[in-house]
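Trainee: Data: structure.txt, compact mmCIF, C-alpha atoms and all ligand atoms.
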```txt
# COMPACT_ATOMS: atom_id res chain seq x y z
CA MET A 1 290.84 137.57 61.80
CA SER A 2 293.74 138.42 59.52
CA TYR A 3 293.70 138.72 55.74
CA GLN A 4 295.53 135.39 55.47
CA GLU A 5 292.91 133.60 57.54
CA ALA A 6 290.07 135.17 55.58
CA LYS A 7 291.76 134.27 52.33
CA ALA A 8 292.12 130.65 53.46
CA LYS A 9 288.38 130.51 54.12
CA TYR A 10 287.63 131.65 50.58
CA GLU A 11 290.24 129.31 49.15
CA ALA A 12 288.50 126.42 50.87
CA LEU A 13 285.53 127.26 48.63
CA GLY A 14 287.74 127.23 45.55
CA VAL A 15 287.96 131.02 45.25
CA ASP A 16 291.21 132.61 44.03
CA VAL A 17 291.26 135.78 46.11
CA GLU A 18 294.50 137.11 44.63
CA ALA A 19 293.13 136.75 41.11
CA ALA A 20 289.91 138.50 42.14
CA MET A 21 291.77 141.51 43.49
CA ALA A 22 294.07 141.67 40.49
CA ARG A 23 291.07 141.54 38.16
CA LEU A 24 289.15 144.31 39.84
CA LYS A 25 292.09 146.72 39.94
CA ASP A 26 291.95 147.28 36.17
CA VAL A 27 288.20 147.62 35.71
CA PRO A 28 287.25 151.21 34.97
CA VAL A 29 284.37 152.71 36.93
CA ALA A 30 283.25 156.12 35.72
CA MET A 31 282.71 158.51 38.59
CA HIS A 32 280.05 161.14 37.88
CA CYS A 33 281.36 164.67 38.40
CA TRP A 34 277.94 166.06 39.40
CA GLN A 35 277.78 164.88 43.02
CA GLY A 36 280.13 167.74 43.94
CA ASP A 37 277.89 170.64 42.92
CA ASP A 38 274.33 169.28 42.92
CA VAL A 39 274.27 168.88 39.10
CA ARG A 40 274.62 172.63 38.47
CA GLY A 41 277.61 172.84 36.13
CA PHE A 42 279.34 176.05 35.11
CA ASP A 43 277.71 177.10 31.85
CA GLN A 44 274.60 178.91 33.07
CA LYS A 45 275.07 182.38 34.48
CA SER A 46 271.93 182.37 36.55
CA ASP A 47 271.43 180.02 39.48
CA GLY A 48 268.42 178.56 37.71
CA PRO A 49 266.61 175.48 38.94
CA LEU A 50 267.50 171.94 37.99
CA THR A 51 264.97 170.85 35.37
CA GLY A 52 264.29 167.72 33.35
CA GLY A 53 262.51 165.85 36.12
CA ILE A 54 265.57 165.39 38.34
CA GLN A 55 265.99 166.97 41.73
CA THR A 56 268.64 167.41 44.38
CA THR A 57 267.45 167.99 47.90
CA GLY A 58 269.32 169.56 50.79
CA ASN A 59 271.68 172.48 51.14
CA TYR A 60 274.61 171.15 53.08
CA PRO A 61 277.40 173.72 53.07
CA GLY A 62 280.50 173.36 50.91
CA ARG A 63 279.13 172.85 47.40
CA ALA A 64 281.77 173.35 44.70
CA THR A 65 281.02 176.46 42.65
CA THR A 66 284.05 176.69 40.36
CA PRO A 67 286.03 174.18 38.26
CA GLU A 68 288.94 174.55 40.67
CA GLU A 69 286.80 173.67 43.67
CA LEU A 70 285.15 170.75 41.91
CA MET A 71 288.51 169.38 40.79
CA ALA A 72 289.92 169.72 44.30
CA ASP A 73 286.95 167.81 45.71
CA ILE A 74 287.27 165.12 43.05
CA ASP A 75 290.91 164.71 44.00
CA VAL A 76 289.97 163.97 47.58
CA VAL A 77 287.41 161.37 46.48
CA LEU A 78 289.87 159.77 44.07
CA SER A 79 292.43 159.50 46.84
CA LEU A 80 289.94 157.58 48.99
CA CYS A 81 288.59 155.15 46.40
CA PRO A 82 290.41 152.04 45.21
CA GLY A 83 290.50 150.79 41.65
CA THR A 84 290.62 152.33 38.19
CA LYS A 85 288.51 155.44 37.80
CA LYS A 86 287.27 157.53 34.90
CA ILE A 87 285.61 160.91 35.23
CA ASN A 88 282.10 161.24 33.86
CA LEU A 89 281.50 164.80 32.67
CA HIS A 90 278.41 166.66 31.55
CA ALA A 91 278.48 169.30 28.84
CA SER A 92 277.35 171.85 31.42
CA TYR A 93 280.81 171.49 33.01
CA ALA A 94 282.46 173.24 30.06
CA ILE A 95 285.14 175.65 31.21
CA PHE A 96 285.03 179.07 29.55
CA ASP A 97 287.84 181.54 29.98
CA GLU A 98 289.52 184.39 28.13
CA GLU A 99 292.01 182.02 26.58
CA ASN A 100 289.32 180.01 24.80
CA GLY A 101 287.10 182.93 23.83
CA GLY A 102 284.64 182.99 26.71
CA TRP A 103 281.10 181.71 27.04
CA VAL A 104 279.18 180.08 24.18
CA ASP A 105 275.80 178.39 24.26
CA ARG A 106 275.44 174.62 24.28
CA ASP A 107 274.99 174.30 20.52
CA LYS A 108 278.41 175.89 20.03
CA ILE A 109 280.61 174.15 22.58
CA GLU A 110 283.90 172.74 21.35
CA PRO A 111 286.68 170.45 22.51
CA LYS A 112 288.67 173.47 23.68
CA HIS A 113 286.12 174.04 26.43
CA PHE A 114 287.16 170.71 27.91
CA LYS A 115 290.90 171.16 27.60
CA LYS A 116 291.28 171.79 31.32
CA TRP A 117 289.43 168.56 32.04
CA VAL A 118 291.73 166.72 29.63
CA GLU A 119 294.73 168.13 31.46
CA PHE A 120 293.17 167.11 34.76
CA CYS A 121 292.62 163.57 33.50
CA LYS A 122 296.05 163.27 31.91
CA GLU A 123 297.82 164.30 35.08
CA ARG A 124 295.96 161.56 36.94
CA GLY A 125 295.93 158.89 34.23
CA LEU A 126 292.14 158.93 34.00
CA GLY A 127 289.78 158.31 31.12
CA ALA A 128 286.66 160.41 30.61
CA ASP A 129 283.04 159.76 29.73
CA PHE A 130 280.69 162.45 28.52
CA ASN A 131 277.04 163.56 28.49
CA PRO A 132 275.23 166.17 26.48
CA THR A 133 273.18 168.29 28.90
CA PHE A 134 269.59 168.46 27.71
CA PHE A 135 268.19 170.02 30.90
CA SER A 136 268.41 173.10 33.15
CA HIS A 137 268.55 175.48 30.19
CA PRO A 138 266.25 178.19 28.75
CA LYS A 139 265.99 176.31 25.44
CA CYS A 140 264.06 173.44 27.07
CA ASP A 141 260.53 174.33 25.96
CA PRO A 142 260.21 172.10 28.09
CA LEU A 143 260.99 169.41 25.51
CA THR A 144 264.33 169.19 23.72
CA LEU A 145 264.99 166.51 21.09
CA ALA A 146 261.26 165.68 20.95
CA SER A 147 259.99 169.26 20.86
CA PRO A 148 257.33 170.08 18.26
CA CYS A 149 259.26 173.32 17.66
CA GLU A 150 261.81 172.87 14.92
CA GLU A 151 264.08 175.61 16.21
CA THR A 152 264.25 173.98 19.65
CA ARG A 153 265.01 170.60 18.16
CA LYS A 154 267.68 172.07 15.91
CA PHE A 155 269.41 173.69 18.87
CA TRP A 156 269.52 170.45 20.83
CA ILE A 157 270.57 168.36 17.84
CA GLU A 158 273.47 170.76 17.32
CA HIS A 159 274.28 170.32 20.99
CA GLY A 160 274.28 166.56 20.59
CA LYS A 161 276.57 166.73 17.57
CA ALA A 162 278.93 169.07 19.38
CA CYS A 163 279.06 166.51 22.18
CA ILE A 164 279.96 163.72 19.74
CA ARG A 165 282.93 165.82 18.60
CA ILE A 166 283.93 166.51 22.20
CA SER A 167 283.63 162.81 23.06
CA GLN A 168 285.85 161.93 20.12
CA TYR A 169 288.37 164.50 21.37
CA LEU A 170 288.28 163.12 24.92
CA ALA A 171 288.75 159.56 23.66
CA GLU A 172 291.67 160.50 21.42
CA GLU A 173 293.41 162.68 23.97
CA LEU A 174 293.07 160.17 26.78
CA GLY A 175 293.56 157.03 24.69
CA GLN A 176 290.47 155.35 26.12
CA PRO A 177 286.93 154.94 24.82
CA CYS A 178 284.47 157.65 25.81
CA ILE A 179 280.93 156.61 26.68
CA MET A 180 278.59 159.40 25.55
CA ASN A 181 275.19 159.12 27.13
CA ILE A 182 272.05 160.65 25.67
CA TRP A 183 269.41 161.28 28.31
CA THR A 184 266.68 163.88 28.15
CA GLY A 185 263.87 164.60 30.56
CA ASP A 186 261.50 165.01 27.62
CA GLY A 187 258.01 164.12 28.75
CA LEU A 188 254.67 165.48 29.90
CA LYS A 189 253.13 166.18 33.26
CA ASP A 190 249.66 165.05 32.32
CA ILE A 191 247.85 162.72 29.95
CA PRO A 192 249.13 163.31 26.43
CA ALA A 193 246.86 163.78 23.45
CA ASP A 194 249.55 162.46 21.15
CA ARG A 195 252.14 159.99 22.34
CA ILE A 196 253.63 158.96 19.05
CA SER A 197 254.64 162.26 17.43
CA PRO A 198 257.18 163.19 20.12
CA ARG A 199 258.67 159.70 19.89
CA LYS A 200 259.02 159.88 16.13
CA LEU A 201 260.73 163.25 16.47
CA TYR A 202 262.95 161.93 19.23
CA ARG A 203 264.01 159.04 17.04
CA GLU A 204 264.82 161.37 14.13
CA SER A 205 266.73 163.74 16.39
CA ILE A 206 268.93 160.96 17.77
CA ASP A 207 269.48 159.72 14.20
CA GLU A 208 270.69 163.18 13.28
CA ILE A 209 273.01 163.43 16.28
CA LEU A 210 274.51 160.04 15.47
CA SER A 211 275.03 161.06 11.84
CA GLU A 212 277.94 163.15 13.11
CA PRO A 213 281.07 161.11 12.29
CA TYR A 214 282.81 159.24 15.10
CA ASP A 215 284.86 156.10 15.60
CA PHE A 216 282.51 153.62 17.29
CA ASN A 217 285.49 151.84 18.83
CA MET A 218 286.35 154.99 20.71
CA VAL A 219 283.05 156.84 21.14
CA LYS A 220 280.15 154.84 22.51
CA PRO A 221 276.90 156.78 22.32
CA CYS A 222 274.24 155.41 24.68
CA VAL A 223 270.52 155.94 25.02
CA GLU A 224 269.29 156.05 28.62
CA SER A 225 265.63 155.27 29.25
CA LYS A 226 263.42 156.44 32.07
CA VAL A 227 260.00 155.66 33.46
CA PHE A 228 259.02 159.12 34.75
CA GLY A 229 260.39 162.26 36.37
CA ILE A 230 259.21 164.99 38.72
CA GLY A 231 256.87 167.21 36.71
CA VAL A 232 256.77 164.67 33.88
CA GLU A 233 254.75 161.99 35.62
CA ALA A 234 252.39 161.01 32.82
CA TYR A 235 254.64 160.39 29.88
CA THR A 236 258.34 159.96 29.12
CA VAL A 237 259.34 160.10 25.47
CA GLY A 238 262.49 158.00 25.93
CA SER A 239 260.76 155.17 27.76
CA SER A 240 262.34 151.77 28.26
CA GLU A 241 260.77 150.22 25.16
CA PHE A 242 261.63 153.24 23.05
CA SER A 243 265.28 153.35 24.10
CA LEU A 244 265.84 149.63 23.96
CA CYS A 245 264.32 149.41 20.49
CA TYR A 246 266.38 152.36 19.36
CA ALA A 247 269.58 150.70 20.56
CA ALA A 248 268.59 147.33 19.08
CA MET A 249 267.89 148.87 15.68
CA ASN A 250 271.16 150.81 15.74
CA MET A 251 273.62 148.31 17.18
CA ASP A 252 276.36 149.52 14.88
CA LYS A 253 276.31 152.98 16.37
CA CYS A 254 274.99 153.04 19.91
CA ILE A 255 274.38 150.97 23.04
CA PRO A 256 271.60 150.86 25.64
CA LEU A 257 272.09 152.39 29.07
CA MET A 258 270.14 151.30 32.15
CA ASP A 259 269.94 153.47 35.25
CA ASN A 260 268.58 151.43 38.14
CA GLY A 261 266.52 154.40 39.30
CA HIS A 262 264.56 154.46 36.07
CA TYR A 263 262.20 151.51 36.43
CA HIS A 264 259.17 150.58 38.45
CA PRO A 265 260.23 149.83 42.04
CA THR A 266 259.92 146.05 41.75
CA GLU A 267 261.74 145.84 38.42
CA MET A 268 265.38 144.93 38.94
CA VAL A 269 268.21 146.06 36.70
CA SER A 270 270.26 143.12 38.00
CA ASP A 271 267.90 140.83 36.13
CA LYS A 272 267.91 143.02 33.02
CA ILE A 273 271.70 142.81 32.65
CA PRO A 274 271.79 139.19 31.44
CA ALA A 275 268.61 139.82 29.41
CA LEU A 276 270.29 142.60 27.45
CA LEU A 277 273.63 140.82 27.21
CA SER A 278 271.85 137.96 25.48
CA PHE A 279 271.57 140.33 22.52
CA PHE A 280 273.90 143.31 22.93
CA PRO A 281 277.68 142.88 22.97
CA GLU A 282 277.95 146.03 25.08
CA ILE A 283 275.65 147.77 27.55
CA ALA A 284 276.11 150.69 29.94
CA LEU A 285 274.89 151.21 33.50
CA HIS A 286 274.21 154.09 35.85
CA ILE A 287 274.42 152.75 39.37
CA THR A 288 272.29 154.71 41.81
CA ARG A 289 269.86 154.12 44.68
CA PRO A 290 266.26 154.96 44.03
CA MET A 291 264.21 155.42 47.15
CA ARG A 292 260.52 155.17 46.18
CA TRP A 293 261.34 157.14 43.02
CA ASP A 294 264.43 158.10 41.03
CA SER A 295 265.75 159.91 44.08
CA ASP A 296 269.43 159.27 43.33
CA HIS A 297 270.38 158.51 46.92
CA VAL A 298 273.99 157.55 47.61
CA VAL A 299 274.79 153.97 46.55
CA LEU A 300 274.92 151.66 49.58
CA LEU A 301 276.13 148.09 49.87
CA ASP A 302 272.54 146.93 49.60
CA ASP A 303 271.05 143.83 48.03
CA GLU A 304 270.43 145.30 44.59
CA THR A 305 273.88 146.88 44.32
CA LYS A 306 275.37 143.48 45.17
CA GLU A 307 273.07 141.72 42.73
CA ILE A 308 273.88 144.17 39.92
CA CYS A 309 277.60 143.66 40.48
CA LYS A 310 277.13 139.90 40.69
CA GLU A 311 275.47 139.91 37.29
CA ILE A 312 278.15 142.16 35.80
CA VAL A 313 280.79 139.67 36.94
CA ARG A 314 278.81 136.54 36.07
CA CYS A 315 277.98 137.75 32.61
CA GLY A 316 281.59 138.52 31.81
CA GLY A 317 280.89 142.24 31.94
CA LEU A 318 284.25 143.18 33.43
CA ASP A 319 285.96 142.63 30.10
CA GLY A 320 284.34 145.74 28.68
CA ALA A 321 280.88 144.43 27.88
CA VAL A 322 279.39 146.45 30.74
CA LYS A 323 280.34 150.12 31.02
CA ILE A 324 280.04 150.88 34.71
CA ALA A 325 279.22 154.37 35.94
CA THR A 326 277.78 155.94 39.06
CA ASP A 327 274.93 158.47 39.06
CA TYR A 328 273.64 159.87 42.34
CA PHE A 329 273.56 163.24 44.05
CA ASP A 330 272.85 164.03 47.66
CA ALA A 331 272.98 167.67 48.74
CA SER A 332 271.94 167.02 52.33
CA ILE A 333 275.23 165.60 53.62
CA ASN A 334 278.94 166.21 53.05
CA ARG A 335 279.24 165.73 49.29
CA VAL A 336 282.78 164.37 49.34
CA SER A 337 281.65 161.76 51.81
CA ALA A 338 278.55 160.94 49.76
CA TRP A 339 280.69 160.50 46.66
CA THR A 340 283.22 158.32 48.47
CA VAL A 341 280.65 156.07 50.12
CA GLY A 342 278.96 155.32 46.79
CA MET A 343 282.15 154.78 44.81
CA ARG A 344 283.63 152.52 47.46
CA ASN A 345 280.41 150.54 47.62
CA VAL A 346 280.46 149.82 43.90
CA GLN A 347 284.02 148.54 44.28
CA LYS A 348 283.05 146.52 47.33
CA ALA A 349 280.11 144.90 45.57
CA LEU A 350 282.26 144.06 42.55
CA LEU A 351 284.94 142.50 44.75
CA MET A 352 282.29 140.57 46.64
CA ALA A 353 281.02 139.19 43.34
CA LEU A 354 284.54 138.26 42.31
CA VAL A 355 285.11 136.21 45.47
CA THR A 356 281.84 134.33 45.07
CA PRO A 357 282.26 130.67 44.04
CA HIS A 358 280.11 131.03 40.96
CA GLN A 359 280.83 127.69 39.40
CA MET A 360 279.96 125.78 42.54
CA LEU A 361 276.64 127.63 42.83
CA ALA A 362 275.86 127.32 39.12
CA ASP A 363 276.49 123.58 39.32
CA LEU A 364 274.00 123.27 42.17
CA GLN A 365 271.43 125.17 40.10
CA ASN A 366 272.03 123.00 37.06
CA GLN A 367 271.80 119.83 39.11
CA GLY A 368 268.46 121.04 40.40
CA ASN A 369 269.84 121.02 43.92
CA PHE A 370 267.98 124.07 45.12
CA THR A 371 268.07 123.02 48.75
CA GLU A 372 271.85 123.17 48.94
CA LEU A 373 271.97 126.22 46.67
CA MET A 374 269.98 128.18 49.21
CA VAL A 375 272.14 126.95 52.10
CA ARG A 376 275.42 127.82 50.35
CA GLN A 377 274.20 131.22 49.21
CA GLU A 378 273.18 132.06 52.75
CA GLU A 379 276.51 130.85 54.18
CA LEU A 380 278.36 133.20 51.87
CA LYS A 381 276.72 136.19 53.50
CA THR A 382 278.71 135.76 56.69
CA MET A 383 282.10 135.11 55.09
CA PRO A 384 284.87 137.44 56.34
CA PHE A 385 284.68 139.74 53.35
CA GLY A 386 285.79 142.82 55.31
CA GLU A 387 289.33 141.46 55.56
CA ILE A 388 289.53 140.91 51.81
CA TRP A 389 288.17 144.40 51.14
CA ASP A 390 290.67 146.03 53.50
CA GLU A 391 293.52 144.17 51.85
CA TYR A 392 292.33 145.32 48.43
CA CYS A 393 292.23 148.91 49.69
CA ARG A 394 295.76 148.59 51.09
CA ARG A 395 297.04 147.24 47.80
CA CYS A 396 295.40 150.10 45.95
CA GLY A 397 297.05 152.54 48.33
CA VAL A 398 293.83 153.89 49.83
CA ALA A 399 292.50 153.93 53.38
CA VAL A 400 290.87 150.79 54.74
CA GLU A 401 287.31 150.81 56.09
CA GLY A 402 287.04 152.91 59.21
CA GLU A 403 290.00 155.11 58.34
CA TRP A 404 288.99 157.34 55.45
CA PHE A 405 286.38 159.50 57.12
CA GLU A 406 289.04 161.39 59.09
CA THR A 407 290.36 162.75 55.80
CA VAL A 408 286.90 163.98 54.84
CA LYS A 409 286.39 165.60 58.22
CA ALA A 410 289.71 167.43 57.95
CA TYR A 411 288.88 168.54 54.41
CA GLU A 412 285.53 169.85 55.57
CA ARG A 413 287.16 171.73 58.42
CA ASP A 414 289.98 173.21 56.34
CA VAL A 415 288.36 173.71 52.94
CA LEU A 416 284.64 173.04 52.52
CA SER A 417 283.43 174.98 55.56
CA LYS A 418 285.33 178.06 54.35
CA ARG A 419 283.44 178.24 51.07
CA ALA A 420 280.89 181.04 50.74
C1 LIG B 501 268.41 161.42 35.14
C2 LIG B 501 269.42 160.49 34.55
C3 LIG B 501 270.68 161.14 34.09
C4 LIG B 501 271.19 162.20 35.04
C5 LIG B 501 272.59 162.69 34.73
C6 LIG B 501 272.89 163.96 35.44
O1 LIG B 501 267.34 160.77 35.69
O2 LIG B 501 269.70 159.49 35.46
O3 LIG B 501 271.63 160.18 33.84
O4 LIG B 501 271.16 161.79 36.35
O5 LIG B 501 272.78 162.76 33.39
ZN ZN B 502 271.28 158.19 34.97
```
Will you turn the file into C-alpha cells for me?
Ligand code: RNT
Ligand code: ZN
Mentor:
Amino acid sequence: MSYQEAKAKYEALGVDVEAAMARLKDVPVAMHCWQGDDVRGFDQKSDGPLTGGIQTTGNYPGRATTPEELMADIDVVLSLCPGTKKINLHASYAIFDEENGGWVDRDKIEPKHFKKWVEFCKERGLGADFNPTFFSHPKCDPLTLASPCEETRKFWIEHGKACIRISQYLAEELGQPCIMNIWTGDGLKDIPADRISPRKLYRESIDEILSEPYDFNMVKPCVESKVFGIGVEAYTVGSSEFSLCYAAMNMDKCIPLMDNGHYHPTEMVSDKIPALLSFFPEIALHITRPMRWDSDHVVLLDDETKEICKEIVRCGGLDGAVKIATDYFDASINRVSAWTVGMRNVQKALLMALVTPHQMLADLQNQGNFTELMVRQEELKTMPFGEIWDEYCRRCGVAVEGEWFETVKAYERDVLSKRA
C-alpha cells in the first residue's frame, strides 16, 4: 500500500492526515541526555555508583565518557528522529575546563558551565530543559532536601537555586522555555519512625529554591513524585500526594511532573493526565517503560505509551499544556539504538493519536453507543499506520522504518566499538 492509499483510508474516517503531520512537526519533545552514558554525568571525578534509588543495568560497550562523545552520540540520534527536539540536561553534565575556571561543586555551578551546551543547542536550533542533580554525590547523607542535617540541606538548596539561574540562562539564550525538574531520591529503606518531619523539611527546601527569582513564563520548575526506589523501598519523601499538593498550592511558580515509572503497576499515567489537566493549566511528563518496577526500559510502542499520547492529544496538550520528555536508560544494548527506538516511538504514538478520529469516537461514547465504540476502536488498530509514519519520517528528512538501523550499526563499527 502506498502513502496515498493509506491516507485515503484515514480520510474516509474524517481524519486530516496532512494536518496531523503538520501539527506534530512543531511539538517539542525533550530528549534526555542521560541514555548515552548511563546517567553518570561529568562532574564527579570518581566512578562512583548511581544512587538515589535509580539503577542502570548492563555494560554494553561504547558508553560516552566525555562531553564530545556524548554530543556526537546525540547528533546521531537527532539525525534519526523526526520532529522538534529539545535536549534535557542534568546539572551533573556541567562542562568544566580551564577557560571557565575548572571544577566546582554542585552548589557553585553557574551558567558558564553550560555554555558549550548552549552552543551545541544553538547550532542545531534546539531548546533545552534542565534538572538539578540530587543524587550520586557524596553530599547525599543519603537524604538531600529532606535531610535532618542543616548543612546538607543548605548545600542542596544552593544547588537548586544555582539550577534556577542556569535554567533562566538556558531559556534566555535559546529563546524557549526551560522546564526545570526537581526530583530527589530522598526516602528510607525501612519503616520510618517519623514520616512527617522529612516532608516538612522537603517542602521548606523547595520553597527556598523557588524563592530564587525567575520568569515563570520562561522557567518552569516541576516537582516529580515517586512511589519507591531501590534501597528506599519503605518511604519516599516526595510521594505522589506530597508532590501533587505542593504543585497545587504553588500554581504560580511550579507545575507537577508525572513519570509513568513512578506509580503502582496498575496505576496508569494516561488516566492521570486528564485528571491533572482538569486543574492545572500545565503539566510535565517523563515517558519511560517500567517493567515490574521503575526500571526505565526503552520506550516501546506499547499500549500505555499509545494511551498516554492519546490523552496528550485529546486533552489539547500539544499546545504547550503538556511538557513532553523522555526518561529511560538501558546499558545492556547499543545506547544510540536504545535512544532512537524510544524517541521514535514517542513520535509514532503521538502521530497515531493525531490520526485517530476522536470526535467520531467521542460521539459514540456520549450517545452511549458502547457496542459500536468498541468495534470502531478495534478496527483502528489494523489501519495502515506504517505508511503514514514513513511519510512523516520522509517529510522530516529522517530514515523510514527499517532503514535507520544501518546508520547505528555503522556508527558502532566506526566509533562506539573503538572507545576504551
Ligand atoms: C528517577 C526519576 C528522574 C531520573 C532523572 C535522571 O526515578 O525518574 O527523573 O530518572 O532525573
Ligand atoms: Zn523521571
Trainee: Counting all atoms listed in the file, figure out which residue out of A:Arg203, A:His297, A:Arg335, A:Lys226 gets nearest to Gln35 of chain A.
Mentor: A:Arg335
Trainee: Quick one: of A:Lys154, A:Arg199, A:Lys9, A:Arg289, who's nearest to ligand ZN 502 (chain B), counting all atoms listed in the file?
Mentor: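 Using all atoms listed in the file, the shortest distance to ligand ZN 502 (chain B) belongs to A:Arg289.
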Trainee: Rounded to one decimal place, report the atom C6 of ligand LIG 501 (chain B)-atom CA of Thr407 of chain A distance in Å.
Mentor: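 Interatomic distance, atom C6 of ligand LIG 501 (chain B) to atom CA of Thr407 of chain A: 26.9 Å.
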Trainee: Quick one: which chain A residues come within 7 Å of ligand LIG 501 (chain B), and what is the nearest atom pair for each with the distance in Å to one decimal, counting all atoms listed in the file, rows ordered by chain and ascending number, as JSON lines?
Mentor:
```
{"residue": "A:Trp34", "atom": "CA", "partner": "B:LIG501", "partner_atom": "C6", "distance": 6.8}
{"residue": "A:Val39", "atom": "CA", "partner": "B:LIG501", "partner_atom": "C6", "distance": 6.3}
{"residue": "A:Ile54", "atom": "CA", "partner": "B:LIG501", "partner_atom": "O1", "distance": 5.6}
{"residue": "A:Asn131", "atom": "CA", "partner": "B:LIG501", "partner_atom": "O5", "distance": 6.5}
{"residue": "A:Trp183", "atom": "CA", "partner": "B:LIG501", "partner_atom": "C3", "distance": 5.9}
{"residue": "A:Lys226", "atom": "CA", "partner": "B:LIG501", "partner_atom": "O1", "distance": 6.9}
{"residue": "A:Asp259", "atom": "CA", "partner": "B:LIG501", "partner_atom": "O2", "distance": 6.0}
{"residue": "A:His262", "atom": "CA", "partner": "B:LIG501", "partner_atom": "O1", "distance": 6.9}
{"residue": "A:His286", "atom": "CA", "partner": "B:LIG501", "partner_atom": "O3", "distance": 6.9}
{"residue": "A:Asp294", "atom": "CA", "partner": "B:LIG501", "partner_atom": "O1", "distance": 6.6}
{"residue": "A:Asp327", "atom": "CA", "partner": "B:LIG501", "partner_atom": "O4", "distance": 5.7}
{"residue": "A:Tyr328", "atom": "CA", "partner": "B:LIG501", "partner_atom": "O4", "distance": 6.8}
```
Trainee: Which one is closest to ligand ZN 502 (chain B): A:Ile388, A:Cys222, A:Val346, A:Ile273? Count all atoms listed in the file.
Mentor: A:Cys222
Trainee: From the options A:Val118, A:Gly83, A:Leu276, A:Tyr263, which residue's atoms come nearest to Arg23 of chain A, counting only C-alpha atoms?
Mentor: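 Using only C-alpha atoms, the shortest distance to Arg23 of chain A belongs to A:Gly83.
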Trainee: Kindly indicate which residue among A:Val223, A:Val15, A:Ala410, A:Trp404 lies nearest to Ala353 of chain A, using all atoms listed in the file for the distances.
Mentor: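 Nearest candidate to Ala353 of chain A out of A:Val223, A:Val15, A:Ala410, A:Trp404: A:Val15.
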Trainee: From the set A:Asn88, A:Thr305, A:Gln347, A:Thr56, which residue has the shortest atom-to-atom contact distance to Ala20 of chain A, counting only C-alpha atoms?
Mentor: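 Ranked by minimum distance to Ala20 of chain A, first place goes to A:Gln347.
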Trainee: I'd like the interatomic distance between atom CA of Gly41 of chain A and atom CA of Asn181 of chain A, to a tenth of an Å.
Mentor: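 Going from atom CA of Gly41 of chain A over to atom CA of Asn181 of chain A covers 16.6 Å.
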Trainee: Excluding Ser2 of chain A and its own-chain neighbours fewer than 2 positions away, which residues fall within 12 Å of it when counting only C-alpha atoms? Please give them as a PDB file with C-alpha atoms, keeping the file's coordinate frame.
Mentor:
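result_8.pdb, written as the output of this step:
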```
ATOM      1  CA  GLN A   4     295.530 135.390  55.470  1.00  0.00           C
ATOM      2  CA  GLU A   5     292.910 133.600  57.540  1.00  0.00           C
ATOM      3  CA  ALA A   6     290.070 135.170  55.580  1.00  0.00           C
ATOM      4  CA  LYS A   7     291.760 134.270  52.330  1.00  0.00           C
ATOM      5  CA  ALA A   8     292.120 130.650  53.460  1.00  0.00           C
ATOM      6  CA  LYS A   9     288.380 130.510  54.120  1.00  0.00           C
ATOM      7  CA  PRO A 384     284.870 137.440  56.340  1.00  0.00           C
ATOM      8  CA  PHE A 385     284.680 139.740  53.350  1.00  0.00           C
ATOM      9  CA  GLY A 386     285.790 142.820  55.310  1.00  0.00           C
ATOM     10  CA  GLU A 387     289.330 141.460  55.560  1.00  0.00           C
ATOM     11  CA  ILE A 388     289.530 140.910  51.810  1.00  0.00           C
ATOM     12  CA  TRP A 389     288.170 144.400  51.140  1.00  0.00           C
ATOM     13  CA  ASP A 390     290.670 146.030  53.500  1.00  0.00           C
ATOM     14  CA  GLU A 391     293.520 144.170  51.850  1.00  0.00           C
TER      15      GLU A 391
END
```
Trainee: I'd like the neighbourhood of Leu50 of chain A as an NGL selection string, where a residue qualifies if any of its atoms comes within 10 Å (using all atoms listed in the file), though same-chain residues fewer than 3 positions away should be ignored.
Mentor: :A and (38-40 or 47 or 53-56 or 135-137)
Trainee: Store the residues picked out above, limited to C-alpha atoms, as a tab-separated table (two decimals), in the coordinates of the input.
Mentor:
```
chain	number	residue	atom	x	y	z
A	38	ASP	CA	274.33	169.28	42.92
A	39	VAL	CA	274.27	168.88	39.10
A	40	ARG	CA	274.62	172.63	38.47
A	47	ASP	CA	271.43	180.02	39.48
A	53	GLY	CA	262.51	165.85	36.12
A	54	ILE	CA	265.57	165.39	38.34
A	55	GLN	CA	265.99	166.97	41.73
A	56	THR	CA	268.64	167.41	44.38
A	135	PHE	CA	268.19	170.02	30.90
A	136	SER	CA	268.41	173.10	33.15
A	137	HIS	CA	268.55	175.48	30.19
```
Trainee: In Å to one decimal, how far is atom CA of Ser332 of chain A from atom CA of Pro67 of chain A?
Mentor: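 Spanning atom CA of Pro67 of chain A to atom CA of Ser332 of chain A is a straight-line distance of 21.2 Å.
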Trainee: Show me, as a VMD selection string, the residues that have an atom within 10 Å of Asp302 of chain A when counting only C-alpha atoms, minus same-chain residues fewer than 3 positions from it.
Mentor: chain A and resid 289 299 305 to 307 345 349
Trainee: If we count all atoms listed in the file and set the cut-off at 9 Å, which residues sit around Leu126 of chain A, ignoring sequence neighbours fewer than 2 positions away in its own chain? Please answer as number ranges by chain.
Mentor: A: 84-87, 118, 120-124, 128, 174, 176
Trainee: Residues within 7 Å of Cys81 of chain A, please, as a PyMOL selection string. Count all atoms listed in the file; anything in the same chain fewer than 5 positions from it doesn't count.
Mentor: chain A and resi 340+343-344+398
Trainee: Could the residues in this selection be written to a file with C-alpha atoms, as an mmCIF file, keeping the file's coordinate frame?
Mentor:
```
data_model
loop_
_atom_site.group_PDB
_atom_site.id
_atom_site.type_symbol
_atom_site.label_atom_id
_atom_site.label_comp_id
_atom_site.auth_asym_id
_atom_site.auth_seq_id
_atom_site.Cartn_x
_atom_site.Cartn_y
_atom_site.Cartn_z
ATOM 1 C CA THR A 340 283.220 158.320 48.470
ATOM 2 C CA MET A 343 282.150 154.780 44.810
ATOM 3 C CA ARG A 344 283.630 152.520 47.460
ATOM 4 C CA VAL A 398 293.830 153.890 49.830
#
```
